[in-house]
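Chemist: Coordinates in input.cif, mmCIF, C-alpha atoms and all ligand atoms, are listed below.
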data_work
#
loop_
_atom_site.label_atom_id
_atom_site.label_comp_id
_atom_site.auth_asym_id
_atom_site.auth_seq_id
_atom_site.Cartn_x
_atom_site.Cartn_y
_atom_site.Cartn_z
CA VAL A 1 7.64 17.20 -3.75
CA ILE A 2 9.59 16.85 -0.51
CA GLY A 3 13.13 15.58 -0.95
CA VAL A 4 13.94 12.39 0.93
CA ALA A 5 17.04 13.92 2.48
CA SER A 6 15.06 16.78 4.05
CA LEU A 7 12.60 14.55 5.86
CA PRO A 8 12.89 13.61 9.52
CA ASP A 9 13.73 9.97 10.19
CA THR A 10 10.16 9.19 11.17
CA ALA A 11 9.04 9.97 7.62
CA LEU A 12 11.32 7.34 6.18
CA ALA A 13 9.58 4.07 6.83
CA VAL A 14 11.90 2.64 4.26
CA THR A 15 14.95 3.14 6.46
CA ARG A 16 13.51 0.71 8.96
CA HIS A 17 13.17 -2.31 6.72
CA ARG A 18 14.63 -5.56 7.86
CA GLY A 19 16.11 -6.75 4.57
CA ASP A 20 19.78 -6.36 5.37
CA GLY A 21 20.45 -9.88 4.15
CA LEU A 22 19.18 -9.11 0.67
CA THR A 23 21.70 -8.45 -2.02
CA ALA A 24 21.79 -6.63 -5.33
CA ASP A 25 21.08 -9.80 -7.30
CA GLN A 26 17.60 -9.90 -5.82
CA SER A 27 15.53 -10.62 -8.91
CA ARG A 28 11.98 -10.94 -7.60
CA PHE A 29 9.92 -8.60 -5.46
CA VAL A 30 6.32 -8.62 -4.32
CA PHE A 31 4.67 -5.21 -3.82
CA CYS A 32 1.39 -5.35 -1.96
CA ASP A 33 -1.22 -2.68 -1.28
CA PHE A 34 -2.73 -2.54 2.20
CA ASP A 35 -6.30 -1.16 2.19
CA GLY A 36 -8.81 -3.54 0.68
CA THR A 37 -5.89 -5.84 -0.17
CA ILE A 38 -4.27 -6.91 3.11
CA SER A 39 -7.09 -5.38 5.14
CA ALA A 40 -10.45 -6.93 4.41
CA GLY A 41 -12.08 -3.49 4.50
CA GLU A 42 -11.25 0.03 3.36
CA SER A 43 -9.73 1.09 6.67
CA PHE A 44 -8.08 4.30 5.45
CA ALA A 45 -11.11 5.57 3.52
CA ASP A 46 -13.38 4.56 6.42
CA MET A 47 -11.16 6.46 8.85
CA MET A 48 -11.33 9.61 6.69
CA ARG A 49 -15.13 9.28 6.43
CA ARG A 50 -15.35 8.86 10.20
CA GLU A 51 -13.03 11.75 11.09
CA ALA A 52 -14.06 14.25 8.40
CA PRO A 53 -17.40 12.99 7.08
CA SER A 54 -18.56 15.58 4.57
CA LEU A 55 -15.16 16.51 3.15
CA ALA A 56 -14.11 12.86 2.93
CA ASN A 57 -17.29 11.79 1.13
CA ASP A 58 -16.93 14.57 -1.43
CA MET A 59 -13.23 13.88 -1.98
CA LEU A 60 -13.52 10.10 -2.16
CA ALA A 61 -16.29 10.30 -4.76
CA GLU A 62 -14.09 12.58 -6.87
CA ILE A 63 -11.05 10.33 -6.41
CA TYR A 64 -12.90 7.15 -7.42
CA ALA A 65 -14.30 8.96 -10.46
CA LEU A 66 -10.67 9.89 -11.30
CA ARG A 67 -11.60 13.62 -11.27
CA VAL A 68 -9.40 14.69 -8.33
CA PRO A 69 -5.84 13.35 -7.89
CA LEU A 70 -5.43 11.13 -4.84
CA ARG A 71 -2.67 13.35 -3.48
CA VAL A 72 -4.86 16.45 -3.47
CA GLY A 73 -7.97 14.81 -2.05
CA VAL A 74 -6.21 12.80 0.63
CA ARG A 75 -4.07 15.71 1.79
CA ARG A 76 -7.12 17.99 2.08
CA VAL A 77 -8.98 15.46 4.21
CA LEU A 78 -5.99 14.63 6.47
CA GLU A 79 -5.15 18.29 7.02
CA SER A 80 -8.70 18.87 8.28
CA ILE A 81 -8.30 16.29 11.10
CA PRO A 82 -7.15 17.54 14.54
CA SER A 83 -3.81 16.04 15.62
CA GLY A 84 -5.34 15.12 18.97
CA ARG A 85 -7.38 12.46 17.18
CA TYR A 86 -4.29 10.60 16.00
CA PRO A 87 -3.80 8.11 18.87
CA ALA A 88 -7.44 7.00 18.59
CA ILE A 89 -7.17 6.74 14.80
CA VAL A 90 -4.16 4.42 15.07
CA ASP A 91 -5.66 2.44 17.93
CA SER A 92 -8.83 1.80 15.93
CA MET A 93 -6.79 -0.59 13.75
CA ARG A 94 -6.14 -3.08 16.55
CA GLY A 95 -7.65 -6.42 15.53
CA TYR A 96 -8.78 -5.11 12.15
CA PRO A 97 -9.79 -8.07 9.94
CA LEU A 98 -7.14 -9.09 7.40
CA ARG A 99 -7.64 -11.11 4.23
CA ALA A 100 -6.89 -14.80 4.70
CA GLY A 101 -3.58 -16.43 3.83
CA LEU A 102 -1.19 -13.53 4.40
CA ALA A 103 1.02 -15.38 6.91
CA GLU A 104 1.13 -18.37 4.55
CA LEU A 105 2.09 -16.17 1.59
CA ILE A 106 4.89 -14.56 3.64
CA ASP A 107 6.09 -18.04 4.70
CA PHE A 108 6.27 -19.04 1.04
CA LEU A 109 8.08 -15.83 0.02
CA ASP A 110 10.57 -16.29 2.89
CA ARG A 111 11.40 -19.78 1.61
CA GLN A 112 11.84 -18.36 -1.90
CA GLY A 113 13.92 -15.43 -0.61
CA VAL A 114 11.52 -12.94 -2.21
CA PRO A 115 11.05 -9.62 -0.39
CA PHE A 116 7.47 -8.71 0.50
CA VAL A 117 7.01 -4.92 0.43
CA VAL A 118 3.80 -3.32 1.66
CA VAL A 119 3.18 -0.09 -0.21
CA SER A 120 0.21 1.89 0.99
CA GLY A 121 -1.25 5.31 0.40
CA GLY A 122 -2.62 5.06 3.95
CA LEU A 123 -0.87 5.68 7.24
CA GLU A 124 2.13 3.58 8.26
CA ASP A 125 1.06 3.49 11.91
CA MET A 126 -2.40 2.17 10.97
CA VAL A 127 -0.87 -0.51 8.75
CA ARG A 128 1.58 -1.62 11.47
CA VAL A 129 -1.07 -1.85 14.17
CA ALA A 130 -3.45 -3.80 11.92
CA MET A 131 -0.74 -6.23 10.78
CA GLY A 132 0.57 -6.88 14.29
CA PRO A 133 3.47 -9.37 14.31
CA LEU A 134 3.23 -9.81 10.52
CA ALA A 135 4.44 -6.21 10.11
CA ASP A 136 7.92 -7.28 11.24
CA ARG A 137 7.98 -10.03 8.62
CA CYS A 138 7.69 -7.54 5.76
CA HIS A 139 10.86 -6.45 3.97
CA ALA A 140 9.48 -2.91 4.26
CA ILE A 141 6.29 -1.00 4.87
CA VAL A 142 6.13 2.20 2.84
CA ALA A 143 3.23 4.53 3.64
CA GLN A 144 2.49 8.04 4.86
CA THR A 145 3.65 9.16 8.25
CA MET A 146 1.98 11.96 10.19
CA ASP A 147 3.43 15.09 11.71
CA THR A 148 1.16 15.61 14.72
CA SER A 149 3.04 18.61 16.17
CA GLY A 150 0.57 21.16 14.77
CA PRO A 151 -3.16 21.58 15.44
CA GLN A 152 -4.07 19.47 12.38
CA LEU A 153 -2.47 16.36 10.94
CA LYS A 154 0.26 17.02 8.41
CA PRO A 155 0.99 14.10 6.08
CA LEU A 156 4.59 13.26 5.16
CA SER A 157 5.66 10.93 2.41
CA ALA A 158 9.16 10.09 1.25
CA PHE A 159 7.67 9.04 -2.11
CA GLU A 160 5.12 11.76 -2.80
CA GLY A 161 4.35 11.82 -6.51
CA GLU A 162 2.55 14.13 -8.89
CA THR A 163 -0.81 12.48 -8.33
CA GLU A 164 -0.38 10.25 -5.27
CA MET A 165 0.75 10.76 -1.67
CA VAL A 166 2.75 7.55 -2.08
CA ASP A 167 3.90 7.05 -5.66
CA LYS A 168 3.93 3.27 -5.81
CA VAL A 169 5.92 3.10 -9.05
CA ARG A 170 8.69 5.19 -7.44
CA VAL A 171 8.64 2.88 -4.44
CA MET A 172 9.05 -0.12 -6.74
CA ALA A 173 12.02 1.53 -8.48
CA HIS A 174 13.59 2.36 -5.10
CA PHE A 175 13.66 -1.30 -4.13
CA THR A 176 14.48 -2.94 -7.44
CA GLY A 177 17.13 -0.41 -8.46
CA PRO A 178 18.29 -0.27 -12.08
CA SER A 179 18.74 -4.03 -12.51
CA PRO A 180 15.92 -5.98 -14.16
CA ALA A 181 13.62 -7.66 -11.67
CA GLU A 182 10.38 -9.56 -11.76
CA ARG A 183 7.90 -7.30 -10.02
CA VAL A 184 4.68 -8.76 -8.69
CA ALA A 185 1.92 -6.31 -7.72
CA ILE A 186 -1.08 -7.17 -5.55
CA GLY A 187 -3.91 -4.68 -5.29
CA ASP A 188 -7.56 -3.86 -5.30
CA SER A 189 -8.26 -0.30 -6.41
CA VAL A 190 -7.43 2.96 -8.14
CA THR A 191 -4.30 3.49 -6.04
CA ASP A 192 -2.77 0.40 -7.64
CA ILE A 193 -3.39 1.14 -11.34
CA ASN A 194 0.09 2.50 -12.02
CA MET A 195 2.03 -0.23 -10.25
CA ALA A 196 -0.26 -2.83 -11.83
CA GLN A 197 0.61 -1.55 -15.28
CA VAL A 198 4.39 -1.67 -14.78
CA ALA A 199 4.55 -4.95 -12.86
CA GLU A 200 5.48 -8.14 -14.70
CA LEU A 201 2.62 -9.90 -12.90
CA THR A 202 -0.43 -8.28 -11.31
CA PHE A 203 -2.99 -9.77 -8.96
CA ALA A 204 -6.14 -7.65 -9.08
CA ARG A 205 -9.48 -7.78 -7.39
CA ASP A 206 -12.48 -5.46 -7.10
CA ARG A 207 -12.10 -1.97 -8.64
CA LEU A 208 -8.55 -2.66 -9.85
CA ALA A 209 -9.76 -5.69 -11.81
CA ARG A 210 -12.46 -3.54 -13.43
CA TYR A 211 -10.05 -0.70 -14.27
CA LEU A 212 -7.53 -3.12 -15.80
CA THR A 213 -10.25 -4.91 -17.77
CA GLU A 214 -11.35 -1.54 -19.21
CA ARG A 215 -7.74 -0.87 -20.21
CA ASN A 216 -7.20 -4.35 -21.68
CA ALA A 217 -4.31 -4.85 -19.23
CA PRO A 218 -3.53 -8.43 -18.14
CA PHE A 219 -4.00 -9.52 -14.51
CA VAL A 220 -4.66 -12.57 -12.35
CA PRO A 221 -7.90 -12.35 -10.37
CA TRP A 222 -7.59 -13.17 -6.67
CA ASP A 223 -9.71 -13.17 -3.57
CA ASP A 224 -7.35 -14.15 -0.74
CA PHE A 225 -3.61 -14.68 -0.29
CA PHE A 226 -3.95 -18.44 -0.69
CA ASP A 227 -4.89 -17.70 -4.34
CA VAL A 228 -1.76 -15.54 -4.69
CA ARG A 229 0.49 -18.18 -3.14
CA ARG A 230 -0.91 -20.94 -5.35
CA ALA A 231 -0.36 -18.86 -8.49
CA LEU A 232 3.21 -17.93 -7.48
CA GLU A 233 4.02 -21.55 -6.57
CA ALA A 234 2.85 -22.61 -10.03
CA ARG A 235 4.85 -19.82 -11.71
CA TRP A 236 8.09 -20.21 -9.78
CA GLY A 237 8.03 -23.95 -9.21
MG MG B 301 -6.35 -0.63 -1.80
#
Take the structure in the file and write it out as structure tokens.

Modeler:
Amino acid sequence: VIGVASLPDTALAVTRHRGDGLTADQSRFVFCDFDGTISAGESFADMMRREAPSLANDMLAEIYALRVPLRVGVRRVLESIPSGRYPAIVDSMRGYPLRAGLAELIDFLDRQGVPFVVVSGGLEDMVRVAMGPLADRCHAIVAQTMDTSGPQLKPLSAFEGETEMVDKVRVMAHFTGPSPAERVAIGDSVTDINMAQVAELTFARDRLARYLTERNAPFVPWDDFFDVRRALEARWG
């Protein structure tokens, strides 16, 4: 595990968040996955399949079957990709389709004063390009950054965990601090299981909904961000 203090500034997406106006009494947070959640498709997995087809297919099958930890599989695939490919990888996210209602959800959260934190096991640069102007409306975007100075990509994460490149539960704790907070998680897949199980309220679709059903864990099904906004409006009044 790389210590936060030893990382270059570029690795610390979290230092660039815009939430200076938020105070310690912040009692509600929304933590939202990116791939398959904000993005309509699996942009990060698709990118790995495109850039490193055979290795990525093997690793992704093992990850989805929960046989290989995300951290191990994702790092192996990324470290096989030449750094020279990076600009094209990031650029491929321009105009990527996003799930409906995100701007409206962020509008609602702004009015409520609730920080919206994107927490992704993918690449921060891909997330930012895909989200366009909405990226600047997030309290923070926490994801992997890439060291492209060597021949192959080298992933960096300020929140690398035992099993994940971005340990979403650690990210949640970083933002909420020790004080009790209502944590809302929004996700779609295996990368969201842990945050879904610690959150006070979880919105789950697709694989995440199936995993949580198997574990008898409660969740609210959702399909787009209008569903999420409606449910939060009803809950918070
Ligand atoms: Mg996802």

Chemist: So which residues are near ligand MG 301 (chain B), meaning at most 10 Å away with all atoms listed in the file counted, given back as a tab-separated table (two decimals) with C-alpha atoms, keeping the file's coordinate frame?

Modeler:
chain	number	residue	atom	x	y	z
A	32	CYS	CA	1.39	-5.35	-1.96
A	33	ASP	CA	-1.22	-2.68	-1.28
A	34	PHE	CA	-2.73	-2.54	2.20
A	35	ASP	CA	-6.30	-1.16	2.19
A	36	GLY	CA	-8.81	-3.54	0.68
A	37	THR	CA	-5.89	-5.84	-0.17
A	38	ILE	CA	-4.27	-6.91	3.11
A	39	SER	CA	-7.09	-5.38	5.14
A	40	ALA	CA	-10.45	-6.93	4.41
A	41	GLY	CA	-12.08	-3.49	4.50
A	42	GLU	CA	-11.25	0.03	3.36
A	43	SER	CA	-9.73	1.09	6.67
A	44	PHE	CA	-8.08	4.30	5.45
A	45	ALA	CA	-11.11	5.57	3.52
A	119	VAL	CA	3.18	-0.09	-0.21
A	120	SER	CA	0.21	1.89	0.99
A	121	GLY	CA	-1.25	5.31	0.40
A	122	GLY	CA	-2.62	5.06	3.95
A	186	ILE	CA	-1.08	-7.17	-5.55
A	187	GLY	CA	-3.91	-4.68	-5.29
A	188	ASP	CA	-7.56	-3.86	-5.30
A	189	SER	CA	-8.26	-0.30	-6.41
A	190	VAL	CA	-7.43	2.96	-8.14
A	191	THR	CA	-4.30	3.49	-6.04
A	192	ASP	CA	-2.77	0.40	-7.64
A	205	ARG	CA	-9.48	-7.78	-7.39
A	206	ASP	CA	-12.48	-5.46	-7.10
A	207	ARG	CA	-12.10	-1.97	-8.64
A	208	LEU	CA	-8.55	-2.66	-9.85

Chemist: Do a neighbour search on Thr176 (chain A) at 12 Å with all atoms listed in the file, toss out local chain neighbours closer than 2 positions, and write the hits as a JSON list (two decimals) with C-alpha atoms, keeping the file's coordinate frame.

Modeler:
[["chain", "number", "residue", "atom", "x", "y", "z"],
["A", 22, "LEU", "CA", 19.18, -9.11, 0.67],
["A", 23, "THR", "CA", 21.70, -8.45, -2.02],
["A", 24, "ALA", "CA", 21.79, -6.63, -5.33],
["A", 25, "ASP", "CA", 21.08, -9.80, -7.30],
["A", 26, "GLN", "CA", 17.60, -9.90, -5.82],
["A", 27, "SER", "CA", 15.53, -10.62, -8.91],
["A", 28, "ARG", "CA", 11.98, -10.94, -7.60],
["A", 29, "PHE", "CA", 9.92, -8.60, -5.46],
["A", 30, "VAL", "CA", 6.32, -8.62, -4.32],
["A", 31, "PHE", "CA", 4.67, -5.21, -3.82],
["A", 114, "VAL", "CA", 11.52, -12.94, -2.21],
["A", 115, "PRO", "CA", 11.05, -9.62, -0.39],
["A", 117, "VAL", "CA", 7.01, -4.92, 0.43],
["A", 169, "VAL", "CA", 5.92, 3.10, -9.05],
["A", 170, "ARG", "CA", 8.69, 5.19, -7.44],
["A", 171, "VAL", "CA", 8.64, 2.88, -4.44],
["A", 172, "MET", "CA", 9.05, -0.12, -6.74],
["A", 173, "ALA", "CA", 12.02, 1.53, -8.48],
["A", 174, "HIS", "CA", 13.59, 2.36, -5.10],
["A", 178, "PRO", "CA", 18.29, -0.27, -12.08],
["A", 179, "SER", "CA", 18.74, -4.03, -12.51],
["A", 180, "PRO", "CA", 15.92, -5.98, -14.16],
["A", 181, "ALA", "CA", 13.62, -7.66, -11.67],
["A", 182, "GLU", "CA", 10.38, -9.56, -11.76],
["A", 183, "ARG", "CA", 7.90, -7.30, -10.02],
["A", 184, "VAL", "CA", 4.68, -8.76, -8.69],
["A", 199, "ALA", "CA", 4.55, -4.95, -12.86]]

Chemist: For Glu160 (chain A), which residue out of A:Met93, A:Arg71, A:Gly177, A:Met47 is the nearest one, using all atoms listed in the file?

Modeler: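 Under the stated criterion, the closest residue is A:Arg71.
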
Chemist: Counting only C-alpha atoms, which residue out of A:Arg229, A:Arg76, A:Arg85, A:Lys154 sits closest to Asp107 (chain A)?

Modeler: A:Arg229

Chemist: Region 150-237 of chain A near region 102-105 of chain A within 9 Å: what's each residue's closest atom pair and its distance in Å to one decimal, counting only C-alpha atoms, ordered by chain then ascending residue number, as JSON lines?

Modeler:
{"residue": "A:Asp224", "atom": "CA", "partner": "A:Leu102", "partner_atom": "CA", "distance": 8.0}
{"residue": "A:Phe225", "atom": "CA", "partner": "A:Leu102", "partner_atom": "CA", "distance": 5.4}
{"residue": "A:Phe226", "atom": "CA", "partner": "A:Leu105", "partner_atom": "CA", "distance": 6.8}
{"residue": "A:Val228", "atom": "CA", "partner": "A:Leu105", "partner_atom": "CA", "distance": 7.4}
{"residue": "A:Arg229", "atom": "CA", "partner": "A:Leu105", "partner_atom": "CA", "distance": 5.4}
{"residue": "A:Arg230", "atom": "CA", "partner": "A:Leu105", "partner_atom": "CA", "distance": 8.9}

Chemist: Between A:Met165, A:Ile106, A:Leu153, A:Ala196, single out the one closest to Ala135 (chain A), counting all atoms listed in the file.

Modeler: A:Ile106

Chemist: What is the CA of Met146 (chain A) to CA of Leu123 (chain A) distance in Å?

Modeler: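 Value for the CA of Met146 (chain A)-CA of Leu123 (chain A) distance: 7.5 Å.
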
Chemist: Using CA of Pro69 (chain A) and CA of Leu156 (chain A) as the two end points, give the distance in Å to one decimal.

Modeler: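 Rounded to one decimal, the two atoms are 16.7 Å apart.
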
Chemist: Record the distance separating CA of Leu60 (chain A) and CA of Val77 (chain A), expressed in Å with one decimal.

Modeler: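 Result for CA of Leu60 (chain A) versus CA of Val77 (chain A): 9.5 Å, one decimal.
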
Chemist: Name the closest residue to Pro155 (chain A) among the candidates A:Ala143, A:Val90, A:Glu62, A:Gln112; distances are taken between atoms, counting only C-alpha atoms.

Modeler: A:Ala143

Chemist: Check the smallest atom-to-atom distance from each of A:Thr163, A:Arg94, A:Ser149, A:Ala217 to Pro133 (chain A) using all atoms listed in the file, then report the winner.

Modeler: A:Arg94

Chemist: Select, from A:Asn57, A:Thr213, A:Phe108, A:Gly101, the residue with the minimum atom-to-atom distance to Gly237 (chain A), counting all atoms listed in the file.

Modeler: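 Residue with the minimum atom-to-atom distance to Gly237 (chain A): A:Phe108.
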